[in-house]
file input_13.tsv (TSV, C-alpha atoms and all ligand atoms)
chain	number	residue	atom	x	y	z
A	161	MET	CA	129.46	-63.47	65.09
A	162	ASN	CA	131.28	-65.56	62.48
A	163	GLU	CA	134.85	-66.74	62.83
A	164	PRO	CA	137.42	-63.94	62.81
A	165	LEU	CA	139.73	-63.44	59.85
A	166	ILE	CA	142.70	-63.03	62.19
A	167	THR	CA	143.01	-64.10	65.80
A	168	VAL	CA	146.02	-62.85	67.71
A	169	SER	CA	146.50	-64.66	71.04
A	170	HIS	CA	148.96	-63.71	73.75
A	171	LEU	CA	151.44	-62.48	71.18
A	172	GLY	CA	154.88	-61.52	72.42
A	173	VAL	CA	157.99	-60.52	70.49
A	174	THR	CA	161.42	-60.27	72.08
A	175	PHE	CA	164.43	-59.22	70.04
A	176	ASP	CA	167.78	-60.42	71.17
A	177	ASP	CA	170.51	-58.21	69.87
A	178	ALA	CA	174.05	-57.42	71.05
A	179	SER	CA	172.84	-55.42	74.05
A	180	GLY	CA	170.62	-58.25	75.31
A	181	ASP	CA	166.91	-59.02	75.14
A	182	LEU	CA	164.47	-56.32	74.18
A	183	GLU	CA	160.81	-57.05	74.76
A	184	ALA	CA	158.96	-55.16	72.01
A	185	ILE	CA	155.42	-56.42	72.56
A	186	ASP	CA	153.89	-58.48	75.32
A	187	ASP	CA	150.71	-60.50	75.61
A	188	ILE	CA	148.76	-58.84	72.81
A	189	SER	CA	145.41	-60.43	72.01
A	190	PHE	CA	142.71	-59.21	69.64
A	191	SER	CA	140.78	-60.38	66.63
A	192	LEU	CA	140.02	-58.87	63.26
A	193	HIS	CA	136.89	-59.73	61.34
A	194	ASP	CA	136.22	-59.77	57.63
A	195	GLN	CA	135.80	-56.26	56.23
A	196	GLU	CA	136.84	-54.71	59.53
A	197	PHE	CA	138.99	-51.58	59.75
A	198	LEU	CA	141.24	-51.62	62.81
A	199	CYS	CA	143.52	-48.75	63.81
A	200	VAL	CA	146.49	-49.14	66.15
A	201	LEU	CA	147.64	-46.15	68.18
A	202	GLY	CA	150.53	-46.00	70.61
A	203	PRO	CA	153.68	-44.11	71.51
A	204	SER	CA	156.80	-44.43	69.41
A	205	GLY	CA	158.60	-47.70	70.14
A	206	SER	CA	155.49	-49.44	71.46
A	207	GLY	CA	155.83	-52.21	68.89
A	208	LYS	CA	153.24	-51.14	66.31
A	209	SER	CA	155.47	-51.90	63.33
A	210	THR	CA	156.59	-55.12	64.98
A	211	LEU	CA	152.95	-56.17	65.29
A	212	LEU	CA	152.33	-55.46	61.59
A	213	ARG	CA	155.43	-57.44	60.63
A	214	VAL	CA	154.12	-60.43	62.56
A	215	LEU	CA	150.70	-60.11	60.87
A	216	ALA	CA	152.44	-59.98	57.49
A	217	GLY	CA	154.35	-63.17	58.28
A	218	LEU	CA	157.68	-61.31	58.07
A	219	LEU	CA	158.55	-61.95	61.71
A	220	ALA	CA	157.85	-65.00	63.87
A	221	PRO	CA	156.22	-64.52	67.28
A	222	SER	CA	158.40	-65.29	70.31
A	223	THR	CA	155.32	-66.32	72.27
A	224	GLY	CA	151.65	-66.74	71.44
A	225	GLU	CA	150.23	-67.12	67.96
A	226	VAL	CA	148.40	-65.58	65.04
A	227	ARG	CA	145.71	-67.59	63.33
A	228	PHE	CA	144.14	-66.86	59.97
A	229	HIS	CA	140.61	-68.25	59.56
A	230	GLY	CA	141.36	-70.34	62.64
A	231	GLN	CA	144.35	-71.95	60.97
A	232	ASN	CA	148.08	-71.68	61.27
A	233	ARG	CA	148.43	-70.04	57.88
A	234	ILE	CA	149.74	-66.69	56.67
A	235	PRO	CA	147.19	-64.48	54.90
A	236	LYS	CA	147.82	-62.68	51.64
A	237	VAL	CA	148.72	-59.15	52.68
A	238	GLY	CA	149.14	-55.80	50.99
A	239	LEU	CA	151.64	-53.53	52.74
A	240	VAL	CA	151.94	-49.75	52.66
A	241	PHE	CA	154.60	-47.85	54.60
A	242	GLN	CA	155.24	-44.21	55.37
A	243	HIS	CA	157.13	-43.81	52.10
A	244	ALA	CA	155.59	-45.02	48.87
A	245	ASN	CA	158.79	-46.75	47.67
A	246	LEU	CA	157.68	-46.67	44.06
A	247	MET	CA	160.13	-47.73	41.39
A	248	PRO	CA	161.27	-44.45	39.84
A	249	TRP	CA	161.88	-45.93	36.40
A	250	ARG	CA	158.34	-47.27	36.12
A	251	THR	CA	155.26	-45.15	35.43
A	252	ALA	CA	152.41	-45.04	37.95
A	253	ILE	CA	150.45	-47.75	36.15
A	254	GLU	CA	153.58	-49.89	35.71
A	255	ASN	CA	154.17	-49.70	39.46
A	256	ILE	CA	150.66	-50.96	40.10
A	257	LYS	CA	151.16	-53.77	37.59
A	258	LEU	CA	154.31	-55.04	39.29
A	259	PRO	CA	152.80	-57.44	41.88
A	260	LEU	CA	150.61	-58.99	39.18
A	261	GLU	CA	153.60	-59.43	36.88
A	262	LEU	CA	155.53	-61.11	39.70
A	263	ALA	CA	152.55	-63.37	40.35
A	264	GLY	CA	152.63	-64.41	36.68
A	265	GLU	CA	149.15	-63.16	35.82
A	266	SER	CA	148.10	-62.96	32.18
A	267	GLU	CA	148.62	-59.73	30.28
A	268	GLU	CA	144.87	-59.29	30.02
A	269	THR	CA	144.34	-59.60	33.77
A	270	ILE	CA	147.28	-57.30	34.50
A	271	LYS	CA	145.89	-54.59	32.24
A	272	ALA	CA	142.31	-54.85	33.50
A	273	GLU	CA	143.16	-55.04	37.21
A	274	SER	CA	145.75	-52.28	37.21
A	275	GLU	CA	143.46	-49.94	35.27
A	276	ALA	CA	140.60	-50.64	37.68
A	277	MET	CA	142.89	-49.87	40.62
A	278	ILE	CA	144.32	-46.60	39.32
A	279	ASP	CA	140.76	-45.55	38.63
A	280	LEU	CA	139.73	-46.53	42.17
A	281	VAL	CA	142.39	-44.28	43.69
A	282	GLY	CA	141.35	-41.46	41.35
A	283	LEU	CA	144.61	-41.17	39.39
A	284	LYS	CA	143.69	-42.45	35.96
A	285	ASP	CA	144.94	-39.21	34.40
A	286	PHE	CA	148.37	-39.83	35.92
A	287	SER	CA	148.82	-43.41	34.63
A	288	LEU	CA	151.82	-42.48	32.54
A	289	SER	CA	153.46	-40.16	35.06
A	290	TYR	CA	156.69	-41.15	36.76
A	291	PRO	CA	156.91	-41.17	40.58
A	292	ASP	CA	159.18	-38.09	40.59
A	293	ASP	CA	156.36	-36.10	38.99
A	294	LEU	CA	153.73	-37.14	41.55
A	295	SER	CA	152.99	-35.32	44.82
A	296	GLY	CA	153.52	-37.19	48.09
A	297	GLY	CA	149.79	-37.82	48.45
A	298	MET	CA	149.50	-39.13	44.89
A	299	ALA	CA	152.48	-41.43	45.38
A	300	GLN	CA	150.83	-42.90	48.49
A	301	ARG	CA	147.61	-43.45	46.53
A	302	ILE	CA	149.61	-45.38	43.93
A	303	ALA	CA	151.22	-47.39	46.75
A	304	ILE	CA	147.73	-48.19	48.09
A	305	ALA	CA	146.58	-49.22	44.60
A	306	ARG	CA	149.67	-51.44	44.25
A	307	ALA	CA	148.90	-53.05	47.62
A	308	LEU	CA	145.25	-53.66	46.71
A	309	VAL	CA	145.74	-54.89	43.16
A	310	GLN	CA	146.37	-58.47	44.31
A	311	LYS	CA	143.14	-58.48	46.31
A	312	PRO	CA	144.86	-59.17	49.63
A	313	ASP	CA	143.06	-60.75	52.59
A	314	ILE	CA	144.27	-57.82	54.69
A	315	LEU	CA	145.71	-54.43	53.93
A	316	LEU	CA	148.43	-53.45	56.43
A	317	LEU	CA	149.19	-49.73	56.61
A	318	ASP	CA	152.09	-48.47	58.72
A	319	GLU	CA	151.68	-44.71	59.27
A	320	PRO	CA	150.89	-44.32	55.57
A	321	PHE	CA	150.27	-40.58	55.77
A	322	GLY	CA	152.97	-39.81	58.33
A	323	ALA	CA	155.20	-37.99	55.86
A	324	LEU	CA	152.46	-35.77	54.41
A	325	ASP	CA	151.54	-32.23	55.39
A	326	ALA	CA	148.49	-31.83	57.62
A	327	LEU	CA	145.99	-30.79	54.93
A	328	THR	CA	147.04	-33.46	52.45
A	329	ARG	CA	146.86	-35.94	55.29
A	330	GLU	CA	143.26	-35.03	56.05
A	331	ARG	CA	142.35	-35.38	52.40
A	332	MET	CA	144.08	-38.75	52.24
A	333	GLY	CA	142.04	-39.94	55.22
A	334	THR	CA	138.83	-39.11	53.37
A	335	GLU	CA	140.21	-40.71	50.21
A	336	LEU	CA	141.14	-43.92	52.04
A	337	LEU	CA	137.68	-43.99	53.58
A	338	ARG	CA	136.15	-43.81	50.10
A	339	ILE	CA	138.46	-46.53	48.76
A	340	TRP	CA	137.76	-48.81	51.72
A	341	GLN	CA	134.02	-48.24	51.43
A	342	SER	CA	134.17	-49.61	47.92
A	343	THR	CA	136.51	-52.60	48.49
A	344	HIS	CA	135.82	-53.50	52.14
A	345	THR	CA	139.20	-55.19	52.47
A	346	ALA	CA	140.06	-55.84	56.12
A	347	VAL	CA	142.59	-53.23	57.27
A	348	VAL	CA	145.04	-52.88	60.12
A	349	MET	CA	146.43	-49.36	60.10
A	350	VAL	CA	148.99	-47.80	62.40
A	351	THR	CA	148.50	-44.07	62.83
A	352	HIS	CA	149.45	-41.28	65.21
A	353	SER	CA	146.33	-39.31	64.47
A	354	ILE	CA	143.35	-39.81	66.75
A	355	PRO	CA	140.85	-38.07	64.41
A	356	GLU	CA	142.13	-40.16	61.49
A	357	ALA	CA	141.63	-43.36	63.51
A	358	LEU	CA	138.09	-42.32	64.42
A	359	LEU	CA	137.11	-41.25	60.93
A	360	LEU	CA	138.26	-44.54	59.44
A	361	SER	CA	138.06	-47.42	61.83
A	362	ASP	CA	135.58	-49.82	63.34
A	363	ARG	CA	137.85	-50.35	66.31
A	364	VAL	CA	140.91	-48.74	67.83
A	365	LEU	CA	143.60	-50.61	69.71
A	366	VAL	CA	145.77	-48.47	71.97
A	367	LEU	CA	149.19	-49.85	72.92
A	368	SER	CA	151.19	-48.90	76.00
A	369	ALA	CA	154.78	-47.73	75.94
A	370	ARG	CA	157.31	-50.56	75.50
A	371	PRO	CA	156.71	-53.39	75.83
A	372	GLY	CA	153.51	-52.77	73.89
A	373	ARG	CA	150.43	-54.14	75.59
A	374	VAL	CA	146.81	-53.46	74.73
A	375	ILE	CA	145.57	-50.76	77.09
A	376	LEU	CA	142.35	-50.07	75.24
A	377	ASP	CA	140.36	-51.98	72.60
A	378	MET	CA	137.59	-49.54	71.75
A	379	PRO	CA	134.77	-50.03	69.23
A	380	VAL	CA	134.14	-46.93	67.12
A	381	THR	CA	130.39	-46.76	67.17
A	382	LEU	CA	130.03	-43.90	64.66
A	383	PRO	CA	127.51	-44.66	61.91
A	384	ARG	CA	128.62	-45.50	58.37
A	385	PRO	CA	128.96	-44.42	55.66
A	386	ARG	CA	130.96	-41.62	57.22
A	387	GLN	CA	131.67	-38.21	55.85
A	388	GLU	CA	134.25	-35.64	56.76
A	389	GLN	CA	131.68	-33.64	58.79
A	390	ILE	CA	131.38	-36.45	61.32
A	391	ARG	CA	134.35	-34.83	63.10
A	392	TYR	CA	131.99	-32.18	64.48
A	393	SER	CA	129.49	-34.58	66.05
A	394	THR	CA	129.36	-34.90	69.84
A	395	GLU	CA	129.77	-38.66	69.56
A	396	PHE	CA	133.04	-38.16	67.66
A	397	ILE	CA	134.29	-35.63	70.17
A	398	ASP	CA	133.45	-37.93	73.09
A	399	LEU	CA	135.37	-40.83	71.52
A	400	GLU	CA	138.25	-38.49	70.78
A	401	ARG	CA	138.41	-37.54	74.44
A	402	THR	CA	138.35	-41.20	75.57
A	403	LEU	CA	141.26	-42.01	73.26
A	404	ARG	CA	143.27	-38.95	74.23
A	405	GLU	CA	142.90	-39.79	77.90
A	406	SER	CA	144.01	-43.40	77.39
A	407	ILE	CA	147.11	-42.57	75.43
A	408	GLN	CA	150.53	-41.18	76.22
A	409	LEU	CA	151.71	-40.17	72.75
B	501	LIG	P1	156.80	-48.56	66.76
B	501	LIG	O1	156.48	-48.96	65.35
B	501	LIG	O2	155.63	-48.62	67.68
B	501	LIG	O3	157.49	-47.24	66.85
B	501	LIG	P2	158.66	-50.79	66.60
B	501	LIG	O4	157.81	-51.98	66.43
B	501	LIG	O5	159.36	-50.27	65.41
B	501	LIG	O6	157.84	-49.64	67.35
B	501	LIG	O7	159.79	-51.14	67.70
B	501	LIG	C1	159.48	-51.58	68.99
B	501	LIG	C2	160.80	-51.78	69.74
B	501	LIG	O8	161.50	-52.89	69.19
B	501	LIG	C3	161.74	-50.58	69.63
B	501	LIG	O9	162.39	-50.41	70.86
B	501	LIG	C4	162.71	-51.00	68.54
B	501	LIG	O10	163.96	-50.38	68.73
B	501	LIG	C5	162.79	-52.49	68.75
B	501	LIG	N1	163.08	-53.23	67.51
B	501	LIG	C6	162.31	-53.23	66.39
B	501	LIG	N2	162.85	-54.05	65.46
B	501	LIG	C7	163.98	-54.57	66.00
B	501	LIG	C8	164.98	-55.48	65.54
B	501	LIG	N3	164.90	-56.05	64.32
B	501	LIG	N4	166.01	-55.79	66.38
B	501	LIG	C9	166.08	-55.25	67.61
B	501	LIG	N5	165.16	-54.39	68.11
B	501	LIG	C10	164.13	-54.05	67.33
B	502	MG	MG	156.69	-47.96	63.55

call {"tool": "encode", "arguments": {"input": "input_13.tsv", "output": "structure tokens", "more": "lines below"}}
Ligand code: ADP
Ligand code: MG
result
Amino acid sequence: MNEPLITVSHLGVTFDDASGDLEAIDDISFSLHDQEFLCVLGPSGSGKSTLLRVLAGLLAPSTGEVRFHGQNRIPKVGLVFQHANLMPWRTAIENIKLPLELAGESEETIKAESEAMIDLVGLKDFSLSYPDDLSGGMAQRIAIARALVQKPDILLLDEPFGALDALTRERMGTELLRIWQSTHTAVVMVTHSIPEALLLSDRVLVLSARPGRVILDMPVTLPRPRQEQIRYSTEFIDLERTLRESIQL
């Protein structure tokens, strides 16, 4: 196999605050390949967000290291959190344009790329809507478009559908699958949903309770392209059981 996009080796993060040292993650190692979709599952407080912050270059490791293409360099990342955090005074399309404007791209590029992205997430008809007029699921799709518009090396998603109702969440899973199938950006996504992780990912990493350690690194061997109905296959159900048994959510 070719060189991984990201190699995480013996990563540890310890926070020292007023009450003393708090070990958030300990000795985490894994790699992420080009175009790979990795999901991270684990109980609350197991250091999932901490791991994403290290991958994004927002937090320095206390021990171990993260390498990008084998080098000590920080990749270009797109980040999406539980809440879309759109700017309320900008329309949907203007929100997507923002990273390109900040990067100083030409007006032509900004227009073309942002229009392609809003089309990709299926919200072309809502270009001129303001965030307050979008549903939670739509707002998250705009946030995903905004994260992808700069063509990041990796897309980092931290419980992106955690605030949505169950049915919208399922639809968003299918929607993200479709988007990923057309861009093939490498993804690391934190989720609490086992079926969501199985539908989407090539591999699932399960973290233990704090300090977060890898207790399972499981390839998701389901064939692609995947459709919603894959949930009913015996292979899916078997993997679901393996994950459920490994985890203490
Ligand atoms: P998760 O996303 O899995 O719920 P987090 O990565 O947010 O977990 O947090 C892991 C642990 O690290 C928690 O106990 C949390 O309170 C602690 N923690 C996270 N960020 C900080 C920080 N900046 N300072 C001190 N402790 C922190
Ligand atoms: Mg978190």

call {"tool": "closest_residue", "arguments": {"input": "input_13.tsv", "among": "A:Leu280, A:Leu382, A:Ala178, A:Leu317", "to": "ligand MG 502 (chain B)", "atoms": "all atoms listed in the file"}}
result
A:Leu317

call {"tool": "residues_around", "arguments": {"input": "input_13.tsv", "residues": "stretch 335-349 of chain A", "least_positions_apart": "3", "cutoff": "6 Å", "atoms": "all atoms listed in the file", "output": "list in words"}}
result
Asp194, Gln195, Glu196, Phe197, Leu198, Cys199, Ile314, Leu315, Leu316, Leu317, Asp318, Met332 and Leu360 of chain A

call {"tool": "write_last_selection", "arguments": {"input": "input_13.tsv", "atoms": "C-alpha atoms", "output": "compact mmCIF listing (two decimals), keeping the file's coordinate frame"}}
result
# COMPACT_ATOMS: atom_id res chain seq x y z
CA ASP A 194 136.22 -59.77 57.63
CA GLN A 195 135.80 -56.26 56.23
CA GLU A 196 136.84 -54.71 59.53
CA PHE A 197 138.99 -51.58 59.75
CA LEU A 198 141.24 -51.62 62.81
CA CYS A 199 143.52 -48.75 63.81
CA ILE A 314 144.27 -57.82 54.69
CA LEU A 315 145.71 -54.43 53.93
CA LEU A 316 148.43 -53.45 56.43
CA LEU A 317 149.19 -49.73 56.61
CA ASP A 318 152.09 -48.47 58.72
CA MET A 332 144.08 -38.75 52.24
CA LEU A 360 138.26 -44.54 59.44

call {"tool": "residues_around", "arguments": {"input": "input_13.tsv", "residues": "A:Asp285", "least_positions_apart": "5", "cutoff": "12 Å", "atoms": "all atoms listed in the file", "output": "count of residues only"}}
result
9

call {"tool": "atom_distance", "arguments": {"input": "input_13.tsv", "atom1": "atom CA of A:Ser287", "atom2": "atom CA of A:Glu254"}}
result
8.1 Å

call {"tool": "closest_residue", "arguments": {"input": "input_13.tsv", "among": "A:Gly224, A:Gly172, A:Pro320, A:Gly202", "to": "A:Gln242", "atoms": "all atoms listed in the file"}}
result
A:Pro320

call {"tool": "closest_atom_pairs", "arguments": {"input": "input_13.tsv", "of": "chain A", "to": "ligand LIG 501 (chain B)", "cutoff": "12 Å", "atoms": "only C-alpha atoms and all ligand atoms", "output": "CSV"}}
result
residue,atom,partner,partner_atom,distance
A:Gly172,CA,B:LIG501,O8,11.3
A:Val173,CA,B:LIG501,O8,8.5
A:Thr174,CA,B:LIG501,O8,7.9
A:Phe175,CA,B:LIG501,C9,4.9
A:Asp176,CA,B:LIG501,C9,6.5
A:Asp177,CA,B:LIG501,C9,5.8
A:Ala178,CA,B:LIG501,C9,8.9
A:Ser179,CA,B:LIG501,C9,9.3
A:Gly180,CA,B:LIG501,C9,9.4
A:Asp181,CA,B:LIG501,C9,8.5
A:Leu182,CA,B:LIG501,N5,6.4
A:Glu183,CA,B:LIG501,O8,7.0
A:Ala184,CA,B:LIG501,O8,4.4
A:Ile185,CA,B:LIG501,C1,7.3
A:Asp186,CA,B:LIG501,C1,10.9
A:Val200,CA,B:LIG501,O2,9.3
A:Leu201,CA,B:LIG501,O2,8.4
A:Gly202,CA,B:LIG501,O2,6.4
A:Pro203,CA,B:LIG501,O2,6.2
A:Ser204,CA,B:LIG501,O3,3.9
A:Gly205,CA,B:LIG501,O6,3.5
A:Ser206,CA,B:LIG501,O2,3.9
A:Gly207,CA,B:LIG501,O4,3.2
A:Lys208,CA,B:LIG501,O2,3.7
A:Ser209,CA,B:LIG501,O1,3.7
A:Thr210,CA,B:LIG501,O4,3.7
A:Leu211,CA,B:LIG501,O4,6.5
A:Leu212,CA,B:LIG501,O4,8.1
A:Arg213,CA,B:LIG501,O4,8.3
A:Val214,CA,B:LIG501,O4,10.0
A:Leu218,CA,B:LIG501,N3,10.9
A:Leu219,CA,B:LIG501,N3,9.1
A:Ala220,CA,B:LIG501,N3,11.4
A:Phe241,CA,B:LIG501,O1,11.0
A:Gln242,CA,B:LIG501,O1,11.1
A:Leu317,CA,B:LIG501,O1,11.4
A:Asp318,CA,B:LIG501,O1,8.0
A:Glu319,CA,B:LIG501,O1,8.8
A:Met349,CA,B:LIG501,O1,11.3
A:Val350,CA,B:LIG501,O1,8.1
A:Thr351,CA,B:LIG501,O1,9.7
A:His352,CA,B:LIG501,O2,9.9
A:Val366,CA,B:LIG501,O2,10.8
A:Leu367,CA,B:LIG501,O2,8.4
A:Ser368,CA,B:LIG501,O2,9.4
A:Ala369,CA,B:LIG501,O2,8.4
A:Arg370,CA,B:LIG501,C2,6.8
A:Pro371,CA,B:LIG501,C2,7.5
A:Gly372,CA,B:LIG501,O2,7.8
A:Arg373,CA,B:LIG501,O2,11.0
A:Leu409,CA,B:LIG501,O2,10.6

call {"tool": "atom_distance", "arguments": {"input": "input_13.tsv", "atom1": "atom CA of A:Lys311", "atom2": "atom CA of A:Val237"}}
result
8.5 Å

call {"tool": "atom_distance", "arguments": {"input": "input_13.tsv", "atom1": "atom CA of A:Thr269", "atom2": "atom CA of A:Ala307"}}
result
16.0 Å

call {"tool": "residues_around", "arguments": {"input": "input_13.tsv", "residues": "A:Ile166", "least_positions_apart": "6", "cutoff": "8 Å", "atoms": "all atoms listed in the file", "output": "list in words"}}
result
Ser191, Leu192, His193, Val226, Arg227, Phe228, His229 and Gly230 of chain A

call {"tool": "closest_residue", "arguments": {"input": "input_13.tsv", "among": "A:Val374, A:Leu403, A:Leu246, A:Val240", "to": "A:Leu171", "atoms": "all atoms listed in the file"}}
result
A:Val374

call {"tool": "closest_residue", "arguments": {"input": "input_13.tsv", "among": "A:Arg404, A:Lys257, A:Arg331, A:Lys284", "to": "A:Val309", "atoms": "only C-alpha atoms"}}
result
A:Lys257

call {"tool": "closest_residue", "arguments": {"input": "input_13.tsv", "among": "A:Arg306, A:Ser406, A:Ser169, A:Gly322", "to": "ligand MG 502 (chain B)", "atoms": "only C-alpha atoms and all ligand atoms"}}
result
A:Gly322

call {"tool": "closest_residue", "arguments": {"input": "input_13.tsv", "among": "A:Glu163, A:Asp377, A:Glu261, A:Glu356", "to": "A:Phe190", "atoms": "all atoms listed in the file"}}
result
A:Asp377

call {"tool": "residues_around", "arguments": {"input": "input_13.tsv", "residues": "A:Lys236", "least_positions_apart": "5", "cutoff": "8 Å", "atoms": "only C-alpha atoms", "output": "PyMOL selection string"}}
result
chain A and resi 216+312-314

call {"tool": "write_last_selection", "arguments": {"input": "input_13.tsv", "atoms": "C-alpha atoms", "output": "PDB file, in the coordinates of the input"}}
result
ATOM      1  CA  ALA A 216     152.440 -59.980  57.490  1.00  0.00           C
ATOM      2  CA  PRO A 312     144.860 -59.170  49.630  1.00  0.00           C
ATOM      3  CA  ASP A 313     143.060 -60.750  52.590  1.00  0.00           C
ATOM      4  CA  ILE A 314     144.270 -57.820  54.690  1.00  0.00           C
TER       5      ILE A 314
END

call {"tool": "residues_near_point", "arguments": {"input": "input_13.tsv", "point": "(139.7, -41.4, 68.8)", "cutoff": "6 Å", "atoms": "only C-alpha atoms", "output": "PyMOL selection string"}}
result
chain A and resi 354-355+357-358+399-400+403

call {"tool": "build_atoms", "arguments": {"input": "input_13.tsv", "residues": "stretch 382-394 of chain A", "atoms": "N, CA, C and O atoms", "output": "PDB file, in the frame of the given file"}}
result
ATOM      1  N   LEU A 382     130.586 -44.921  65.569  1.00  0.00           N
ATOM      2  CA  LEU A 382     130.030 -43.900  64.660  1.00  0.00           C
ATOM      3  C   LEU A 382     129.366 -44.572  63.472  1.00  0.00           C
ATOM      4  O   LEU A 382     129.874 -45.561  62.946  1.00  0.00           O
ATOM      5  N   PRO A 383     128.222 -44.035  63.023  1.00  0.00           N
ATOM      6  CA  PRO A 383     127.510 -44.660  61.910  1.00  0.00           C
ATOM      7  C   PRO A 383     128.302 -44.586  60.595  1.00  0.00           C
ATOM      8  O   PRO A 383     129.133 -43.705  60.418  1.00  0.00           O
ATOM      9  N   ARG A 384     128.044 -45.514  59.710  1.00  0.00           N
ATOM     10  CA  ARG A 384     128.620 -45.500  58.370  1.00  0.00           C
ATOM     11  C   ARG A 384     127.482 -45.443  57.374  1.00  0.00           C
ATOM     12  O   ARG A 384     126.397 -45.917  57.677  1.00  0.00           O
ATOM     13  N   PRO A 385     127.711 -44.992  56.151  1.00  0.00           N
ATOM     14  CA  PRO A 385     128.960 -44.420  55.660  1.00  0.00           C
ATOM     15  C   PRO A 385     129.267 -43.086  56.331  1.00  0.00           C
ATOM     16  O   PRO A 385     128.350 -42.320  56.651  1.00  0.00           O
ATOM     17  N   ARG A 386     130.557 -42.849  56.539  1.00  0.00           N
ATOM     18  CA  ARG A 386     130.960 -41.620  57.220  1.00  0.00           C
ATOM     19  C   ARG A 386     131.421 -40.571  56.234  1.00  0.00           C
ATOM     20  O   ARG A 386     131.950 -40.893  55.184  1.00  0.00           O
ATOM     21  N   GLN A 387     131.224 -39.352  56.646  1.00  0.00           N
ATOM     22  CA  GLN A 387     131.670 -38.210  55.850  1.00  0.00           C
ATOM     23  C   GLN A 387     132.577 -37.381  56.741  1.00  0.00           C
ATOM     24  O   GLN A 387     132.526 -37.488  57.961  1.00  0.00           O
ATOM     25  N   GLU A 388     133.330 -36.544  56.082  1.00  0.00           N
ATOM     26  CA  GLU A 388     134.250 -35.640  56.760  1.00  0.00           C
ATOM     27  C   GLU A 388     133.615 -34.900  57.955  1.00  0.00           C
ATOM     28  O   GLU A 388     134.206 -34.765  59.024  1.00  0.00           O
ATOM     29  N   GLN A 389     132.360 -34.470  57.769  1.00  0.00           N
ATOM     30  CA  GLN A 389     131.680 -33.640  58.790  1.00  0.00           C
ATOM     31  C   GLN A 389     131.437 -34.369  60.108  1.00  0.00           C
ATOM     32  O   GLN A 389     131.089 -33.747  61.104  1.00  0.00           O
ATOM     33  N   ILE A 390     131.624 -35.684  60.103  1.00  0.00           N
ATOM     34  CA  ILE A 390     131.380 -36.450  61.320  1.00  0.00           C
ATOM     35  C   ILE A 390     132.273 -35.993  62.466  1.00  0.00           C
ATOM     36  O   ILE A 390     131.957 -36.162  63.641  1.00  0.00           O
ATOM     37  N   ARG A 391     133.411 -35.352  62.091  1.00  0.00           N
ATOM     38  CA  ARG A 391     134.350 -34.830  63.100  1.00  0.00           C
ATOM     39  C   ARG A 391     133.690 -33.854  64.074  1.00  0.00           C
ATOM     40  O   ARG A 391     134.179 -33.628  65.162  1.00  0.00           O
ATOM     41  N   TYR A 392     132.600 -33.207  63.636  1.00  0.00           N
ATOM     42  CA  TYR A 392     131.990 -32.180  64.480  1.00  0.00           C
ATOM     43  C   TYR A 392     130.883 -32.729  65.364  1.00  0.00           C
ATOM     44  O   TYR A 392     130.284 -31.993  66.137  1.00  0.00           O
ATOM     45  N   SER A 393     130.595 -34.030  65.248  1.00  0.00           N
ATOM     46  CA  SER A 393     129.490 -34.580  66.050  1.00  0.00           C
ATOM     47  C   SER A 393     129.942 -34.787  67.499  1.00  0.00           C
ATOM     48  O   SER A 393     131.126 -34.998  67.778  1.00  0.00           O
ATOM     49  N   THR A 394     128.995 -34.720  68.421  1.00  0.00           N
ATOM     50  CA  THR A 394     129.360 -34.900  69.840  1.00  0.00           C
ATOM     51  C   THR A 394     129.877 -36.311  70.083  1.00  0.00           C
ATOM     52  O   THR A 394     130.775 -36.511  70.900  1.00  0.00           O
TER      53      THR A 394
END
